[in-house]
file protein-v8.pdb (PDB, C-alpha atoms and all ligand atoms)
ATOM      1  CA  MET A  87     179.738 145.855 247.068  1.00  0.00           C
ATOM      2  CA  THR A  88     182.015 145.229 250.046  1.00  0.00           C
ATOM      3  CA  THR A  89     179.894 144.340 253.071  1.00  0.00           C
ATOM      4  CA  PRO A  90     181.404 144.336 256.563  1.00  0.00           C
ATOM      5  CA  GLY A  91     180.781 141.423 258.878  1.00  0.00           C
ATOM      6  CA  PRO A  92     181.229 141.440 262.644  1.00  0.00           C
ATOM      7  CA  THR A  93     184.502 142.546 264.227  1.00  0.00           C
ATOM      8  CA  LEU A  94     186.168 139.600 265.925  1.00  0.00           C
ATOM      9  CA  VAL A  95     187.771 140.070 269.321  1.00  0.00           C
ATOM     10  CA  LEU A  96     190.787 137.776 269.491  1.00  0.00           C
ATOM     11  CA  ALA A  97     193.159 136.831 272.299  1.00  0.00           C
ATOM     12  CA  SER A  98     196.738 136.473 271.083  1.00  0.00           C
ATOM     13  CA  PRO A  99     198.198 132.993 271.679  1.00  0.00           C
ATOM     14  CA  CYS A 100     201.398 134.430 273.207  1.00  0.00           C
ATOM     15  CA  CYS A 101     200.005 136.417 276.146  1.00  0.00           C
ATOM     16  CA  GLY A 102     196.237 136.623 275.663  1.00  0.00           C
ATOM     17  CA  HIS A 103     196.256 140.314 274.762  1.00  0.00           C
ATOM     18  CA  LEU A 104     193.022 141.330 273.052  1.00  0.00           C
ATOM     19  CA  HIS A 105     193.070 142.421 269.406  1.00  0.00           C
ATOM     20  CA  SER A 106     190.263 143.150 266.997  1.00  0.00           C
ATOM     21  CA  ARG A 107     189.854 142.043 263.444  1.00  0.00           C
ATOM     22  CA  GLN A 108     187.259 143.237 260.975  1.00  0.00           C
ATOM     23  CA  THR A 109     185.569 140.531 258.918  1.00  0.00           C
ATOM     24  CA  PHE A 110     183.746 140.861 255.621  1.00  0.00           C
ATOM     25  CA  LYS A 111     180.606 139.127 254.410  1.00  0.00           C
ATOM     26  CA  SER A 112     181.460 139.968 250.858  1.00  0.00           C
ATOM     27  CA  VAL A 113     184.318 141.725 249.150  1.00  0.00           C
ATOM     28  CA  ASN A 114     184.191 143.444 245.827  1.00  0.00           C
ATOM     29  CA  ALA A 115     187.606 144.856 245.115  1.00  0.00           C
ATOM     30  CA  GLY A 116     188.677 146.403 241.847  1.00  0.00           C
ATOM     31  CA  VAL A 117     191.988 144.873 240.839  1.00  0.00           C
ATOM     32  CA  GLU A 118     194.078 147.543 239.194  1.00  0.00           C
ATOM     33  CA  ILE A 119     197.585 146.248 238.824  1.00  0.00           C
ATOM     34  CA  LEU A 120     199.054 142.776 238.643  1.00  0.00           C
ATOM     35  CA  TRP A 121     202.810 142.652 239.214  1.00  0.00           C
ATOM     36  CA  SER A 122     205.182 140.031 237.866  1.00  0.00           C
ATOM     37  CA  ASP A 123     205.935 138.788 241.409  1.00  0.00           C
ATOM     38  CA  GLY A 124     202.226 137.998 241.844  1.00  0.00           C
ATOM     39  CA  LYS A 125     201.306 140.989 243.968  1.00  0.00           C
ATOM     40  CA  LEU A 126     197.934 142.513 243.245  1.00  0.00           C
ATOM     41  CA  ASP A 127     197.165 146.161 243.846  1.00  0.00           C
ATOM     42  CA  ALA A 128     193.457 146.652 244.235  1.00  0.00           C
ATOM     43  CA  ARG A 129     191.026 149.299 245.363  1.00  0.00           C
ATOM     44  CA  LEU A 130     188.849 148.540 248.410  1.00  0.00           C
ATOM     45  CA  LEU A 131     190.651 145.299 249.132  1.00  0.00           C
ATOM     46  CA  PRO A 132     190.505 144.784 252.888  1.00  0.00           C
ATOM     47  CA  GLU A 133     193.641 143.833 254.744  1.00  0.00           C
ATOM     48  CA  LEU A 134     193.412 140.334 256.161  1.00  0.00           C
ATOM     49  CA  PRO A 135     196.837 139.798 257.658  1.00  0.00           C
ATOM     50  CA  LYS A 136     197.893 136.299 258.646  1.00  0.00           C
ATOM     51  CA  ILE A 137     200.856 137.336 260.760  1.00  0.00           C
ATOM     52  CA  ALA A 138     200.939 140.160 263.281  1.00  0.00           C
ATOM     53  CA  ARG A 139     202.933 141.619 266.132  1.00  0.00           C
ATOM     54  CA  CYS A 140     201.213 141.299 269.488  1.00  0.00           C
ATOM     55  CA  SER A 141     200.332 144.651 271.046  1.00  0.00           C
ATOM     56  CA  GLY A 142     200.744 143.083 274.490  1.00  0.00           C
ATOM     57  CA  CYS A 143     204.192 141.473 274.381  1.00  0.00           C
ATOM     58  CA  SER A 144     205.602 142.416 270.926  1.00  0.00           C
ATOM     59  CA  ARG A 145     206.029 138.785 269.922  1.00  0.00           C
ATOM     60  CA  LEU A 146     204.754 137.616 266.547  1.00  0.00           C
ATOM     61  CA  PHE A 147     201.683 135.429 266.276  1.00  0.00           C
ATOM     62  CA  TRP A 148     199.821 133.668 263.506  1.00  0.00           C
ATOM     63  CA  VAL A 149     196.411 135.338 263.433  1.00  0.00           C
ATOM     64  CA  ASP A 150     194.474 132.085 262.941  1.00  0.00           C
ATOM     65  CA  ASP A 151     196.059 130.787 266.181  1.00  0.00           C
ATOM     66  CA  ALA A 152     194.390 133.548 268.201  1.00  0.00           C
ATOM     67  CA  ALA A 153     191.301 132.429 270.122  1.00  0.00           C
ATOM     68  CA  GLU A 154     188.032 134.183 269.423  1.00  0.00           C
ATOM     69  CA  VAL A 155     186.768 135.840 272.601  1.00  0.00           C
ATOM     70  CA  GLY A 156     183.722 137.512 271.116  1.00  0.00           C
ATOM     71  CA  ARG A 157     182.185 139.410 268.240  1.00  0.00           C
ATOM     72  CA  ILE A 158     181.139 143.021 267.851  1.00  0.00           C
ATOM     73  CA  ASP A 159     178.290 143.335 265.378  1.00  0.00           C
ATOM     74  CA  ASP A 160     178.305 146.130 262.852  1.00  0.00           C
ATOM     75  CA  PRO A 161     175.978 148.737 264.460  1.00  0.00           C
ATOM     76  CA  PHE A 162     174.449 149.688 261.116  1.00  0.00           C
ATOM     77  CA  TYR A 163     173.421 146.132 260.280  1.00  0.00           C
ATOM     78  CA  ARG A 164     172.063 145.621 263.793  1.00  0.00           C
ATOM     79  CA  SER A 165     169.853 148.675 263.387  1.00  0.00           C
ATOM     80  CA  ILE A 166     168.496 147.638 259.991  1.00  0.00           C
ATOM     81  CA  ARG A 167     167.730 144.203 261.446  1.00  0.00           C
ATOM     82  CA  GLY A 168     165.785 146.003 264.196  1.00  0.00           C
ATOM     83  CA  GLU A 169     168.085 144.730 266.952  1.00  0.00           C
ATOM     84  CA  PRO A 170     168.981 146.873 269.977  1.00  0.00           C
ATOM     85  CA  PRO A 171     172.535 148.256 270.244  1.00  0.00           C
ATOM     86  CA  GLN A 172     175.020 145.658 271.447  1.00  0.00           C
ATOM     87  CA  ASP A 173     176.414 146.008 274.952  1.00  0.00           C
ATOM     88  CA  VAL A 174     180.140 145.862 274.202  1.00  0.00           C
ATOM     89  CA  ALA A 175     182.679 145.415 276.995  1.00  0.00           C
ATOM     90  CA  PRO A 176     185.086 148.401 277.256  1.00  0.00           C
ATOM     91  CA  GLU A 177     188.152 146.155 276.834  1.00  0.00           C
ATOM     92  CA  TRP A 178     186.702 144.852 273.568  1.00  0.00           C
ATOM     93  CA  LYS A 179     186.244 148.408 272.323  1.00  0.00           C
ATOM     94  CA  ARG A 180     189.834 149.228 273.273  1.00  0.00           C
ATOM     95  CA  ALA A 181     191.322 146.186 271.541  1.00  0.00           C
ATOM     96  CA  PRO A 182     193.740 147.432 268.854  1.00  0.00           C
ATOM     97  CA  SER A 183     193.021 146.213 265.362  1.00  0.00           C
ATOM     98  CA  ILE A 184     195.431 143.772 263.775  1.00  0.00           C
ATOM     99  CA  ARG A 185     197.564 145.603 261.259  1.00  0.00           C
ATOM    100  CA  ALA A 186     199.118 144.378 258.048  1.00  0.00           C
ATOM    101  CA  PRO A 187     202.683 143.203 258.695  1.00  0.00           C
ATOM    102  CA  ASP A 188     205.457 145.603 257.714  1.00  0.00           C
ATOM    103  CA  THR A 189     208.841 144.560 256.345  1.00  0.00           C
ATOM    104  CA  ASP A 190     210.313 144.239 259.858  1.00  0.00           C
ATOM    105  CA  VAL A 191     207.572 141.836 260.919  1.00  0.00           C
ATOM    106  CA  LEU A 192     207.981 139.737 257.769  1.00  0.00           C
ATOM    107  CA  ALA A 193     211.771 139.641 258.070  1.00  0.00           C
ATOM    108  CA  GLU A 194     211.369 138.357 261.626  1.00  0.00           C
ATOM    109  CA  ALA A 195     208.552 135.973 260.698  1.00  0.00           C
ATOM    110  CA  ILE A 196     210.645 133.870 258.300  1.00  0.00           C
ATOM    111  CA  THR A 197     212.473 132.336 261.262  1.00  0.00           C
ATOM    112  CA  ASP A 198     209.806 132.727 263.937  1.00  0.00           C
ATOM    113  CA  PRO A 199     208.526 129.463 265.498  1.00  0.00           C
ATOM    114  CA  CYS A 200     204.900 130.522 264.931  1.00  0.00           C
ATOM    115  CA  CYS A 201     205.548 130.264 261.174  1.00  0.00           C
ATOM    116  CA  ALA A 202     207.373 126.922 261.315  1.00  0.00           C
ATOM    117  CA  ALA A 203     204.760 125.034 259.271  1.00  0.00           C
ATOM    118  CA  ARG A 204     205.677 124.797 255.595  1.00  0.00           C
ATOM    119  CA  GLU A 205     202.595 126.651 254.291  1.00  0.00           C
ATOM    120  CA  ARG A 206     203.159 129.467 256.764  1.00  0.00           C
ATOM    121  CA  ARG A 207     206.835 129.740 255.873  1.00  0.00           C
ATOM    122  CA  ARG A 208     205.882 129.919 252.214  1.00  0.00           C
ATOM    123  CA  HIS A 209     203.295 132.602 252.922  1.00  0.00           C
ATOM    124  CA  VAL A 210     205.663 134.858 254.857  1.00  0.00           C
ATOM    125  CA  ARG A 211     208.508 134.434 252.367  1.00  0.00           C
ATOM    126  CA  ILE A 212     206.225 135.426 249.474  1.00  0.00           C
ATOM    127  CA  ALA A 213     204.900 138.371 251.504  1.00  0.00           C
ATOM    128  CA  LEU A 214     208.497 139.401 252.270  1.00  0.00           C
ATOM    129  CA  TRP A 215     209.373 139.152 248.567  1.00  0.00           C
ATOM    130  CA  HIS A 216     206.469 141.468 247.718  1.00  0.00           C
ATOM    131  CA  SER A 217     207.436 143.844 250.494  1.00  0.00           C
ATOM    132  CA  LEU A 218     211.112 144.011 249.488  1.00  0.00           C
ATOM    133  CA  ASN A 219     210.058 144.760 245.910  1.00  0.00           C
ATOM    134  CA  GLN A 220     208.092 147.855 246.945  1.00  0.00           C
ATOM    135  CA  PRO A 221     210.797 150.423 246.060  1.00  0.00           C
ATOM    136  CA  ARG A 222     211.413 148.602 242.769  1.00  0.00           C
ATOM    137  CA  ARG A 223     207.829 148.883 241.503  1.00  0.00           C
ATOM    138  CA  LYS A 224     207.716 151.504 238.778  1.00  0.00           C
ATOM    139  CA  LEU A 225     204.710 152.826 236.887  1.00  0.00           C
ATOM    140  CA  PRO A 226     205.887 155.574 234.558  1.00  0.00           C
ATOM    141  CA  GLY A 227     202.976 157.754 233.502  1.00  0.00           C
ATOM    142  CA  HIS A 228     200.668 156.451 236.255  1.00  0.00           C
ATOM    143  CA  PRO A 229     199.370 159.604 238.038  1.00  0.00           C
ATOM    144  CA  GLN A 230     199.434 158.164 241.584  1.00  0.00           C
ATOM    145  CA  TRP A 231     202.894 156.674 241.137  1.00  0.00           C
ATOM    146  CA  GLU A 232     204.341 159.837 239.599  1.00  0.00           C
ATOM    147  CA  LYS A 233     202.794 162.040 242.287  1.00  0.00           C
ATOM    148  CA  PHE A 234     203.287 159.940 245.402  1.00  0.00           C
ATOM    149  CA  TRP A 235     205.262 156.711 245.142  1.00  0.00           C
ATOM    150  CA  LYS A 236     208.043 157.941 242.861  1.00  0.00           C
ATOM    151  CA  PRO A 237     209.092 160.863 245.121  1.00  0.00           C
ATOM    152  CA  TYR A 238     208.482 158.673 248.200  1.00  0.00           C
ATOM    153  CA  TRP A 239     210.929 155.993 247.051  1.00  0.00           C
ATOM    154  CA  GLU A 240     213.380 158.541 245.673  1.00  0.00           C
ATOM    155  CA  HIS A 241     213.544 159.821 249.229  1.00  0.00           C
ATOM    156  CA  TYR A 242     213.428 156.554 251.202  1.00  0.00           C
ATOM    157  CA  GLY A 243     214.633 154.003 248.648  1.00  0.00           C
ATOM    158  CA  ALA A 244     218.332 154.170 249.560  1.00  0.00           C
ATOM    159  CA  GLU A 245     217.578 153.826 253.275  1.00  0.00           C
ATOM    160  CA  PHE A 246     215.207 150.915 252.604  1.00  0.00           C
ATOM    161  CA  GLU A 247     217.779 149.150 250.419  1.00  0.00           C
ATOM    162  CA  GLN A 248     220.473 149.661 253.012  1.00  0.00           C
ATOM    163  CA  ARG A 249     218.284 148.219 255.727  1.00  0.00           C
ATOM    164  CA  TYR A 250     216.630 145.349 253.881  1.00  0.00           C
ATOM    165  CA  GLY A 251     218.407 144.935 250.531  1.00  0.00           C
ATOM    166  CA  ALA A 252     220.601 142.083 251.798  1.00  0.00           C
ATOM    167  CA  LEU A 253     217.490 140.008 252.530  1.00  0.00           C
ATOM    168  CA  PHE A 254     216.249 140.000 248.944  1.00  0.00           C
ATOM    169  CA  ALA A 255     218.375 137.299 247.290  1.00  0.00           C
ATOM    170  CA  PRO A 256     218.556 134.878 250.271  1.00  0.00           C
ATOM    171  CA  ASN A 257     214.779 135.109 250.688  1.00  0.00           C
ATOM    172  CA  LEU A 258     214.157 134.314 247.020  1.00  0.00           C
ATOM    173  CA  GLU A 259     216.715 131.486 247.065  1.00  0.00           C
ATOM    174  CA  ALA A 260     214.964 129.984 250.076  1.00  0.00           C
ATOM    175  CA  LEU A 261     211.585 130.422 248.413  1.00  0.00           C
ATOM    176  CA  LEU A 262     212.505 128.389 245.313  1.00  0.00           C
ATOM    177  CA  GLU A 263     212.020 125.062 247.087  1.00  0.00           C
ATOM    178  CA  PHE A 264     208.456 125.980 248.058  1.00  0.00           C
ATOM    179  CA  PHE A 265     207.294 126.148 244.441  1.00  0.00           C
ATOM    180  CA  GLU A 266     206.082 122.833 243.043  1.00  0.00           C
ATOM    181  CA  GLU A 267     207.030 122.672 239.381  1.00  0.00           C
ATOM    182  CA  ALA A 268     204.153 120.299 238.641  1.00  0.00           C
ATOM    183  CA  ASP A 269     201.770 123.118 239.481  1.00  0.00           C
ATOM    184  CA  PRO A 270     201.584 125.672 236.632  1.00  0.00           C
ATOM    185  CA  ASP A 271     200.970 128.679 238.920  1.00  0.00           C
ATOM    186  CA  ASP A 272     203.920 127.684 241.095  1.00  0.00           C
ATOM    187  CA  ARG A 273     206.071 127.084 238.026  1.00  0.00           C
ATOM    188  CA  LEU A 274     205.352 130.590 236.778  1.00  0.00           C
ATOM    189  CA  GLN A 275     206.177 132.097 240.178  1.00  0.00           C
ATOM    190  CA  LYS A 276     209.387 130.079 240.368  1.00  0.00           C
ATOM    191  CA  ALA A 277     210.426 131.304 236.911  1.00  0.00           C
ATOM    192  CA  GLU A 278     209.819 134.878 238.036  1.00  0.00           C
ATOM    193  CA  ALA A 279     211.848 134.322 241.224  1.00  0.00           C
ATOM    194  CA  LEU A 280     214.718 132.956 239.110  1.00  0.00           C
ATOM    195  CA  ARG A 281     214.525 135.981 236.791  1.00  0.00           C
ATOM    196  CA  GLU A 282     214.615 138.398 239.728  1.00  0.00           C
ATOM    197  CA  LEU A 283     217.665 136.493 241.010  1.00  0.00           C
ATOM    198  CA  GLY A 284     219.354 137.097 237.658  1.00  0.00           C
ATOM    199  CA  ARG A 285     219.263 133.384 236.779  1.00  0.00           C
ATOM    200  CA  PHE A 286     217.872 134.079 233.318  1.00  0.00           C
ATOM    201  CA  GLU A 287     218.716 130.760 231.620  1.00  0.00           C
ATOM    202  CA  ALA A 288     217.046 128.732 234.370  1.00  0.00           C
ATOM    203  CA  CYS A 289     214.053 131.088 234.195  1.00  0.00           C
ATOM    204  CA  ILE A 290     213.691 130.652 230.414  1.00  0.00           C
ATOM    205  CA  ARG A 291     214.083 126.851 230.674  1.00  0.00           C
ATOM    206  CA  LEU A 292     211.193 126.735 233.108  1.00  0.00           C
ATOM    207  CA  LEU A 293     209.052 129.086 231.033  1.00  0.00           C
ATOM    208  CA  ASP A 294     209.659 126.918 227.964  1.00  0.00           C
ATOM    209  CA  SER A 295     208.233 123.889 229.769  1.00  0.00           C
ATOM    210  CA  GLY A 296     204.737 124.725 228.543  1.00  0.00           C
ATOM    211  CA  PHE A 297     201.762 126.641 229.911  1.00  0.00           C
ATOM    212  CA  ASP A 298     198.157 126.770 228.854  1.00  0.00           C
ATOM    213  CA  GLU A 299     197.009 129.775 226.855  1.00  0.00           C
ATOM    214  CA  SER A 300     195.960 131.851 229.832  1.00  0.00           C
ATOM    215  CA  LEU A 301     199.148 131.475 231.915  1.00  0.00           C
ATOM    216  CA  GLY A 302     201.175 131.488 228.718  1.00  0.00           C
ATOM    217  CA  PHE A 303     200.160 135.090 228.222  1.00  0.00           C
ATOM    218  CA  TYR A 304     201.978 136.020 231.440  1.00  0.00           C
ATOM    219  CA  ALA A 305     204.842 133.578 230.871  1.00  0.00           C
ATOM    220  CA  GLY A 306     205.564 135.279 227.525  1.00  0.00           C
ATOM    221  CA  GLN A 307     205.977 138.664 229.185  1.00  0.00           C
ATOM    222  CA  ILE A 308     208.347 137.293 231.838  1.00  0.00           C
ATOM    223  CA  ARG A 309     210.311 135.453 229.139  1.00  0.00           C
ATOM    224  CA  GLN A 310     210.760 138.648 227.156  1.00  0.00           C
ATOM    225  CA  ARG A 311     212.286 140.376 230.184  1.00  0.00           C
ATOM    226  CA  ALA A 312     214.522 137.399 230.912  1.00  0.00           C
ATOM    227  CA  LEU A 313     215.803 137.446 227.321  1.00  0.00           C
ATOM    228  CA  ALA A 314     216.639 141.128 227.801  1.00  0.00           C
ATOM    229  CA  ARG A 315     218.475 140.135 231.027  1.00  0.00           C
ATOM    230  CA  ASP A 316     216.207 142.443 232.992  1.00  0.00           C
ATOM    231  CA  ASP A 317     215.726 141.322 236.618  1.00  0.00           C
ATOM    232  CA  ALA A 318     213.310 144.045 237.796  1.00  0.00           C
ATOM    233  CA  VAL A 319     209.738 143.440 238.950  1.00  0.00           C
ATOM    234  CA  PHE A 320     207.302 144.910 236.405  1.00  0.00           C
ATOM    235  CA  ARG A 321     203.637 145.479 235.778  1.00  0.00           C
ATOM    236  CA  LEU A 322     202.081 142.645 233.768  1.00  0.00           C
ATOM    237  CA  ASP A 323     199.759 143.453 230.897  1.00  0.00           C
ATOM    238  CA  TRP A 324     196.261 142.084 231.299  1.00  0.00           C
ATOM    239  CA  PRO A 325     195.311 139.319 228.923  1.00  0.00           C
ATOM    240  CA  PRO A 326     192.566 139.746 226.364  1.00  0.00           C
ATOM    241  CA  GLN A 327     189.127 139.606 227.947  1.00  0.00           C
ATOM    242  CA  GLU A 328     188.542 135.909 227.259  1.00  0.00           C
ATOM    243  CA  TYR A 329     191.019 134.832 229.929  1.00  0.00           C
ATOM    244  CA  ALA A 330     189.141 135.759 233.054  1.00  0.00           C
ATOM    245  CA  ASP A 331     191.441 134.645 235.866  1.00  0.00           C
ATOM    246  CA  PRO A 332     194.824 136.080 236.687  1.00  0.00           C
ATOM    247  CA  PRO A 333     197.418 133.588 237.910  1.00  0.00           C
ATOM    248  CA  GLN A 334     197.126 132.618 241.530  1.00  0.00           C
ATOM    249  CA  CYS A 335     198.314 135.632 243.417  1.00  0.00           C
ATOM    250  CA  GLN A 336     199.076 136.097 247.007  1.00  0.00           C
ATOM    251  CA  GLY A 337     198.498 139.805 246.794  1.00  0.00           C
ATOM    252  CA  ALA A 338     195.063 139.384 248.291  1.00  0.00           C
ATOM    253  CA  ALA A 339     196.165 140.451 251.739  1.00  0.00           C
ATOM    254  CA  ARG A 340     197.120 143.882 250.579  1.00  0.00           C
ATOM    255  CA  GLN A 341     200.535 144.926 251.709  1.00  0.00           C
ATOM    256  CA  ILE A 342     201.034 148.626 251.417  1.00  0.00           C
ATOM    257  CA  HIS A 343     204.018 149.793 253.423  1.00  0.00           C
TER     258      HIS A 343
HETATM  259 ZN    ZN F 401     201.550 138.600 273.281  1.00  0.00          ZN
END
call {"tool": "encode", "arguments": {"input": "protein-v8.pdb", "output": "structure tokens", "more": "lines below"}}
Ligand SMILES: [Zn+2]
result
Amino acid sequence: MTTPGPTLVLASPCCGHLHSRQTFKSVNAGVEILWSDGKLDARLLPELPKIARCSGCSRLFWVDDAAEVGRIDDPFYRSIRGEPPQDVAPEWKRAPSIRAPDTDVLAEAITDPCCAARERRRHVRIALWHSLNQPRRKLPGHPQWEKFWKPYWEHYGAEFEQRYGALFAPNLEALLEFFEEADPDDRLQKAEALRELGRFEACIRLLDSGFDESLGFYAGQIRQRALARDDAVFRLDWPPQEYADPPQCQGAARQIH
């Protein structure tokens, strides 16, 4: 069960504008789809964005850099604990909640000073990769995709590609250096990035460097696509039950645009 924690009231580091952010004591999300670029689609997965646009001054800020001003307890949990209702300042109640970054925010974030640290740069480039792949995700036969996402991207796909398409390859090229080949999860992600860049031989060379059984299950699927010279993001098959953990995925902060 997903259990809410208190709502944090945060002051943005740029201008001190107040924002709110829901926290969770526990999260139980049902992972539905794992994509080859590492994005996870899951039910009930709360959005925990790391980068946001300030509602006060429109600049970007790294959410962990915002100072905590206070906490608003969940009223339901206060009542079951027998505590009186919390006296919440009106400006706390008015504080807009921090939203998941859209493609514009991510495209700006890759060069923004607040994301200068290597780990942050890596995070936003992976998030941008996932975001730019949105129109390319196809799930033939999946009821929700057929009913909603397919017509949505048939309508907006060309406009999206025109606006953001040129970012795709340079972003992936820049991302390559962030993947450490000594780390098997990184190696798999790097191979996928190379495949999506159309560099199939380099992708296959990396995939042939050896993975354990669990990651090898995913590596085999990516290899098959690379051999077919197919550069599109695709839905990965789940491994047999005995391999519990999917590869390290940065889909956790759900990005639905
Ligand atoms: Zn600001």
call {"tool": "resolve_selection", "arguments": {"input": "protein-v8.pdb", "expression": "the PyMOL selection byres (((chain A and resi 212-219) around 8) and not hetatm)", "output": "list in words"}}
result
Asp123, Lys125, Asp188, Thr189, Leu192, Ala193, Arg208, His209, Val210, Arg211, Gln220, Pro221, Arg222, Arg223, Tyr250, Gly251, Phe254, Asn257, Leu258, Leu261, Val319, Gln336, Gln341 and His343 of chain A
call {"tool": "closest_residue", "arguments": {"input": "protein-v8.pdb", "among": "A:Lys236, A:Arg145, A:Arg129, A:His105", "to": "ligand ZN 401 (chain F)", "atoms": "all atoms listed in the file"}}
result
A:Arg145
call {"tool": "resolve_selection", "arguments": {"input": "protein-v8.pdb", "expression": "the PyMOL selection byres (((chain A and resi 277) around 9) and not hetatm)", "output": "list in words"}}
result
Asp272, Arg273, Leu274, Gln275, Lys276, Glu278, Ala279, Leu280, Arg281, Glu282, Phe286, Ala288, Cys289, Ile290, Arg291, Leu292, Leu293, Ala305, Ile308 and Arg309 of chain A
call {"tool": "closest_residue", "arguments": {"input": "protein-v8.pdb", "among": "A:Arg285, A:Leu96, A:Phe110, A:Glu194", "to": "A:Arg311", "atoms": "only C-alpha atoms"}}
result
A:Arg285
call {"tool": "residues_near_ligand", "arguments": {"input": "protein-v8.pdb", "ligand": "ligand ZN 401 (chain F)", "cutoff": "6 Å", "atoms": "only C-alpha atoms and all ligand atoms", "output": "PDB file with C-alpha atoms, in the coordinates of the input"}}
result
ATOM      1  CA  SER A  98     196.738 136.473 271.083  1.00  0.00           C
ATOM      2  CA  CYS A 100     201.398 134.430 273.207  1.00  0.00           C
ATOM      3  CA  CYS A 101     200.005 136.417 276.146  1.00  0.00           C
ATOM      4  CA  HIS A 103     196.256 140.314 274.762  1.00  0.00           C
ATOM      5  CA  CYS A 140     201.213 141.299 269.488  1.00  0.00           C
ATOM      6  CA  GLY A 142     200.744 143.083 274.490  1.00  0.00           C
ATOM      7  CA  CYS A 143     204.192 141.473 274.381  1.00  0.00           C
ATOM      8  CA  ARG A 145     206.029 138.785 269.922  1.00  0.00           C
TER       9      ARG A 145
END
call {"tool": "closest_residue", "arguments": {"input": "protein-v8.pdb", "among": "A:Glu263, A:Gln108, A:Glu245, A:Val113", "to": "A:Thr88", "atoms": "only C-alpha atoms"}}
result
A:Val113
call {"tool": "residues_around", "arguments": {"input": "protein-v8.pdb", "residues": "A:Asp150", "least_positions_apart": "4", "cutoff": "10 Å", "atoms": "only C-alpha atoms", "output": "PDB file with C-alpha atoms, in the coordinates of the input"}}
result
ATOM      1  CA  LEU A  96     190.787 137.776 269.491  1.00  0.00           C
ATOM      2  CA  SER A  98     196.738 136.473 271.083  1.00  0.00           C
ATOM      3  CA  PRO A  99     198.198 132.993 271.679  1.00  0.00           C
ATOM      4  CA  PRO A 135     196.837 139.798 257.658  1.00  0.00           C
ATOM      5  CA  LYS A 136     197.893 136.299 258.646  1.00  0.00           C
ATOM      6  CA  ILE A 137     200.856 137.336 260.760  1.00  0.00           C
ATOM      7  CA  GLU A 154     188.032 134.183 269.423  1.00  0.00           C
TER       8      GLU A 154
END
call {"tool": "atom_distance", "arguments": {"input": "protein-v8.pdb", "atom1": "atom CA of A:Ala138", "atom2": "atom CA of A:Pro187"}}
result
5.8 Å
call {"tool": "resolve_selection", "arguments": {"input": "protein-v8.pdb", "expression": "the PyMOL selection byres (((chain A and resi 156) around 10) and not hetatm)", "output": "list in words"}}
result
Pro92, Thr93, Leu94, Val95, Leu96, Ala97, Ser106, Ala153, Glu154, Val155, Arg157, Ile158, Asp159, Val174, Ala175 and Trp178 of chain A
call {"tool": "atom_distance", "arguments": {"input": "protein-v8.pdb", "atom1": "atom CA of A:Pro226", "atom2": "atom CA of A:Gly243"}}
result
16.7 Å
call {"tool": "axis_aligned_box", "arguments": {"input": "protein-v8.pdb", "around": "stretch 116-124 of chain A", "padding_each_side": "5 Å", "output": "AutoDock Vina command-line options"}}
result
--center_x 197.3 --center_y 142.8 --center_z 239.9 --size_x 27.3 --size_y 19.5 --size_z 14.0
call {"tool": "atom_distance", "arguments": {"input": "protein-v8.pdb", "atom1": "atom CA of A:Leu283", "atom2": "atom CA of A:Asp127"}}
result
22.8 Å
call {"tool": "closest_residue", "arguments": {"input": "protein-v8.pdb", "among": "A:Val191, A:Leu146, A:Glu232, A:Arg204", "to": "A:Phe265", "atoms": "only C-alpha atoms"}}
result
A:Arg204
